[in-house]
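Here is the file final.txt (compact mmCIF, C-alpha atoms).
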```txt
# COMPACT_ATOMS: atom_id res chain seq x y z
CA MET A 1 -5.09 93.01 -16.62
CA SER A 2 -8.42 93.92 -18.14
CA ALA A 3 -8.31 96.40 -21.02
CA THR A 4 -12.06 96.59 -21.67
CA ARG A 5 -12.81 99.49 -19.31
CA LYS A 6 -10.85 102.30 -17.72
CA SER A 7 -10.39 101.95 -13.97
CA PRO A 8 -11.71 104.76 -11.75
CA VAL A 9 -8.25 104.86 -10.15
CA SER A 10 -6.31 104.65 -13.43
CA PHE A 11 -2.62 105.60 -13.29
CA GLU A 12 -0.78 104.96 -16.54
CA VAL A 13 3.00 104.45 -16.65
CA ASN A 14 5.25 104.41 -19.73
CA VAL A 15 7.47 101.37 -19.24
CA HIS A 16 10.18 102.76 -21.55
CA ARG A 17 10.68 105.78 -19.28
CA LEU A 18 11.03 103.96 -15.96
CA PRO A 19 14.11 104.87 -13.91
CA ARG A 20 16.38 101.89 -13.09
CA LYS A 21 15.69 102.27 -9.35
CA GLY A 22 11.97 102.27 -9.98
CA MET A 23 9.17 104.77 -9.70
CA PRO A 24 6.97 105.18 -6.61
CA VAL A 25 3.24 105.44 -7.33
CA GLU A 26 0.69 106.57 -4.74
CA ILE A 27 -3.01 106.67 -5.47
CA ASN A 28 -5.28 108.34 -2.93
CA ALA A 29 -8.79 108.17 -4.41
CA ASP A 30 -10.95 111.28 -4.27
CA GLU A 31 -14.69 111.20 -3.61
CA ASN A 32 -15.69 110.72 -7.27
CA GLN A 33 -13.22 107.85 -7.69
CA ARG A 34 -14.43 106.20 -4.47
CA ARG A 35 -18.04 106.53 -5.60
CA ALA A 36 -17.14 104.92 -8.96
CA LEU A 37 -15.28 102.08 -7.17
CA ALA A 38 -18.34 101.46 -4.98
CA ALA A 39 -20.62 101.29 -8.03
CA GLU A 40 -18.19 99.04 -9.93
CA HIS A 41 -17.90 96.51 -7.08
CA ASP A 42 -21.50 96.60 -5.76
CA LEU A 43 -20.57 98.28 -2.46
CA LEU A 44 -22.62 100.73 -0.44
CA SER A 45 -19.60 103.03 -0.19
CA VAL A 46 -15.81 103.28 -0.23
CA GLU A 47 -14.73 105.61 2.57
CA ARG A 48 -10.97 105.37 1.89
CA TYR A 49 -8.80 103.93 -0.88
CA VAL A 50 -5.01 104.22 -0.90
CA ALA A 51 -2.55 102.32 -3.09
CA ALA A 52 1.21 102.67 -2.58
CA MET A 53 3.35 100.79 -5.09
CA THR A 54 6.78 100.77 -6.71
CA VAL A 55 7.11 100.12 -10.43
CA ARG A 56 10.59 98.91 -11.51
CA PRO A 57 12.15 97.47 -14.63
CA TRP A 58 12.45 93.66 -14.51
CA LYS A 59 14.97 91.65 -16.51
CA ALA A 60 15.38 92.84 -20.11
CA ASP A 61 11.97 94.25 -20.96
CA GLY A 62 9.60 93.39 -18.12
CA VAL A 63 8.12 95.39 -15.25
CA ARG A 64 7.79 94.40 -11.57
CA ILE A 65 5.11 96.05 -9.42
CA ILE A 66 5.03 95.63 -5.64
CA GLY A 67 3.14 97.50 -2.95
CA LYS A 68 -0.07 97.56 -0.96
CA VAL A 69 -3.72 98.58 -1.34
CA GLU A 70 -5.71 99.67 1.70
CA ALA A 71 -9.37 100.62 1.81
CA ASP A 72 -12.31 101.05 4.14
CA ILE A 73 -15.59 99.92 2.58
CA THR A 74 -19.24 99.45 3.54
CA GLN A 75 -21.25 96.50 2.21
CA SER A 76 -24.71 95.06 2.87
CA CYS A 77 -24.90 92.13 5.27
CA VAL A 78 -26.07 89.02 3.40
CA VAL A 79 -28.36 88.10 6.31
CA THR A 80 -29.85 91.36 7.59
CA LEU A 81 -29.03 93.76 4.71
CA GLU A 82 -27.66 96.18 7.33
CA PRO A 83 -24.41 98.04 6.53
CA VAL A 84 -21.16 96.23 7.40
CA THR A 85 -17.89 98.18 7.52
CA THR A 86 -14.73 96.32 6.45
CA HIS A 87 -11.04 97.20 6.24
CA ILE A 88 -9.16 95.83 3.24
CA GLU A 89 -5.39 95.43 3.18
CA GLU A 90 -3.96 93.56 0.18
CA GLU A 91 -0.35 93.12 -0.94
CA VAL A 92 0.20 93.96 -4.61
CA SER A 93 2.73 91.85 -6.48
CA ALA A 94 2.84 91.43 -10.25
CA THR A 95 5.32 90.92 -13.05
CA LEU A 96 4.43 92.11 -16.54
CA VAL A 97 6.24 91.48 -19.83
CA PRO A 98 5.58 92.73 -23.36
CA GLU A 99 3.35 90.54 -25.49
CA GLY A 100 5.47 88.05 -27.42
CA SER A 101 8.39 88.25 -24.97
CA ARG A 102 10.33 85.03 -24.47
CA LEU A 103 9.85 85.56 -20.70
CA ALA A 104 6.07 85.08 -21.09
CA ARG A 105 6.21 81.86 -23.09
CA ASN A 106 5.33 78.73 -21.20
CA ASP A 107 5.59 76.21 -24.02
CA ILE A 108 8.08 73.44 -23.30
CA ASP A 109 9.15 71.09 -26.09
CA GLY A 110 9.37 67.46 -25.03
CA GLY A 111 9.37 68.09 -21.29
CA GLU A 112 7.20 68.66 -18.30
CA PHE A 113 5.94 72.02 -17.19
CA VAL A 114 6.10 72.30 -13.41
CA LEU A 115 4.20 74.98 -11.52
CA ASP A 116 4.60 75.66 -7.82
CA ALA A 117 1.21 76.64 -6.39
CA GLU A 118 2.88 78.64 -3.63
CA GLY A 119 5.54 80.11 -5.93
CA PRO A 120 5.46 83.35 -7.89
CA ASP A 121 2.86 83.80 -10.63
CA MET A 122 3.82 83.64 -14.29
CA PRO A 123 4.46 87.06 -15.83
CA GLU A 124 1.39 88.63 -17.43
CA PRO A 125 1.70 90.06 -20.94
CA PHE A 126 0.91 93.69 -21.81
CA GLN A 127 0.55 95.49 -25.15
CA GLY A 128 2.32 98.67 -26.16
CA SER A 129 4.48 100.72 -23.83
CA ILE A 130 1.82 101.90 -21.35
CA ILE A 131 0.60 99.91 -18.33
CA ASP A 132 -2.18 100.95 -15.96
CA VAL A 133 -0.91 100.31 -12.43
CA GLY A 134 -4.10 101.83 -11.01
CA ALA A 135 -6.18 99.12 -12.71
CA LEU A 136 -3.80 96.49 -11.32
CA ALA A 137 -4.22 97.92 -7.81
CA GLU A 138 -8.00 97.80 -8.29
CA GLU A 139 -7.79 94.09 -9.14
CA PHE A 140 -6.05 93.41 -5.82
CA PHE A 141 -8.63 95.62 -4.05
CA ALA A 142 -11.40 93.45 -5.56
CA LEU A 143 -9.69 90.30 -4.24
CA GLY A 144 -9.94 91.70 -0.70
CA ILE A 145 -13.72 92.27 -0.84
CA ASP A 146 -15.69 89.69 1.17
CA PRO A 147 -18.27 88.21 -1.24
CA TYR A 148 -20.57 87.31 1.69
CA PRO A 149 -20.24 90.00 4.37
CA ARG A 150 -22.02 89.21 7.60
CA LYS A 151 -22.73 91.54 10.49
CA PRO A 152 -21.37 90.14 13.79
CA GLY A 153 -24.07 88.08 15.49
CA ALA A 154 -26.29 87.84 12.39
CA VAL A 155 -27.73 84.35 11.98
CA ILE A 156 -30.18 82.71 9.63
CA ASP A 157 -32.95 80.88 11.41
CA ALA A 158 -33.02 77.46 9.78
CA PRO A 159 -36.23 75.44 10.08
CA ASP A 160 -36.04 72.25 12.13
CA ALA A 161 -35.54 69.09 10.09
CA GLY A 162 -38.78 67.68 11.51
CA ASP A 163 -40.81 70.59 10.10
CA ASP A 164 -40.24 69.43 6.53
CA ALA A 165 -41.20 65.81 7.20
CA PRO A 166 -44.67 64.93 5.92
CA LYS A 167 -47.30 64.42 8.62
CA GLU A 168 -48.95 61.59 6.67
CA ALA A 169 -47.52 59.07 4.26
CA GLY A 170 -48.43 59.97 0.67
CA PRO A 171 -49.03 57.72 -2.34
CA LEU A 172 -45.37 57.89 -3.41
CA TYR A 173 -44.21 56.74 0.02
CA GLU A 174 -46.70 53.89 -0.04
CA GLY A 175 -45.57 52.80 -3.52
CA LEU A 176 -41.91 52.78 -2.48
CA ARG A 177 -42.73 50.88 0.70
CA LYS A 178 -44.51 48.19 -1.33
CA LEU A 179 -41.52 47.90 -3.72
CA GLY A 180 -39.20 47.48 -0.74
CA GLN A 181 -41.34 44.64 0.64
CA LYS A 182 -41.22 42.66 -2.63
CA SER A 183 -37.48 42.10 -2.51
```
Could you rewrite the structure in this file as structure tokens?
Amino acid sequence: MSATRKSPVSFEVNVHRLPRKGMPVEINADENQRRALAAEHDLLSVERYVAAMTVRPWKADGVRIIGKVEADITQSCVVTLEPVTTHIEEEVSATLVPEGSRLARNDIDGGEFVLDAEGPDMPEPFQGSIIDVGALAEEFFALGIDPYPRKPGAVIDAPDAGDDAPKEAGPLYEGLRKLGQKS
């Protein structure tokens, strides 16, 4: 999780005060937050942003966050620059542990370290007792944004391959042709 800037949809949780059964968190972004999200992610607009998550204690000192982020956004088409509306629906799933926790260490002495690409991610470390679940939800929102949105039916007219071919042979072509004849 990035700690360099504060998320427009920030929602901080004290991990030491979490109930055993977990704490539900719902973020329904207001107009100012949606405008800030749009500016942050180079979007024309964010019409709707809702994050519904549950934050629960995990093992001895970790935190497990599961839920969903949904949003309706408008981007510029990469071909026509016309507005393209998109619906985003991303599952949120993360495990966080305090920095220095034995659960976050991945150093193995004298053995192999095996990672399953389809398995759960390694726990991410956090500092202090406060985590920003809003910033985490924003990260999953960003993963759902299409980096190359295209309006249905928009196409790029590619020039024919024959258009780029030279009409006459130039000096370079003639020199290469002569080299080819020598061998």
Residue contacts of Arg17 in chain A (12 Å, all atoms listed in the file) excluding same-chain residues fewer than 4 positions away, as a short mmCIF file (atom, residue, chain, number, x, y, z; two decimals) with C-alpha atoms, in the frame of the given file:
```cif
data_model
loop_
_atom_site.label_atom_id
_atom_site.label_comp_id
_atom_site.auth_asym_id
_atom_site.auth_seq_id
_atom_site.Cartn_x
_atom_site.Cartn_y
_atom_site.Cartn_z
CA GLU A 12 -0.78 104.96 -16.54
CA VAL A 13 3.00 104.45 -16.65
CA LYS A 21 15.69 102.27 -9.35
CA GLY A 22 11.97 102.27 -9.98
CA MET A 23 9.17 104.77 -9.70
CA VAL A 55 7.11 100.12 -10.43
CA ARG A 56 10.59 98.91 -11.51
CA PRO A 57 12.15 97.47 -14.63
CA ASP A 61 11.97 94.25 -20.96
CA VAL A 63 8.12 95.39 -15.25
CA SER A 129 4.48 100.72 -23.83
CA ILE A 130 1.82 101.90 -21.35
CA ILE A 131 0.60 99.91 -18.33
#
```
Using all atoms listed in the file for the distances, tell me which of A:Leu43, A:His16, A:Glu31, A:Asp157 is nearest to Val84 in chain A. A:Leu43
Computed interatomic separation between CA of Gln33 in chain A and CA of Leu18 in chain A (Å):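 Atom-to-atom, CA of Gln33 in chain A and CA of Leu18 in chain A are spaced 25.9 Å apart.
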Take CA of Ile65 in chain A and CA of Val25 in chain A and report the distance between them in Å, one decimal.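 CA of Val25 in chain A lies 9.8 Å from CA of Ile65 in chain A.
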Go ahead and compute the interatomic distance for CA of Asn28 in chain A and CA of Arg48 in chain A, in Å to one decimal. 8.0 Å
Please list as a list in words every residue within 12 Å of Glu40 in chain A, counting only C-alpha atoms and excluding residues in the same chain fewer than 3 positions away. Arg5, Lys6, Ser7, Pro8, Val9, Gln33, Arg34, Arg35, Ala36, Leu37, Leu43, Leu44, Ser45, Val46, Glu138, Glu139, Phe141 and Ala142 of chain A
Give as a count of residues only the set of residues within 9 Å of the point (-25.1, 92.0, 2.4), where distances use the file's coordinates and only C-alpha atoms. 15
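The shortest atom-to-atom distance to Ala137 in chain A, with all atoms listed in the file taken into account, belongs to A:Glu26 out of A:Asp42, A:Glu26, A:Glu47, A:Glu174.
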Which residue is closest to Leu143 in chain A? Choose from A:Pro19, A:Val92, A:Ala38, A:Ile27 and count only C-alpha atoms. A:Val92
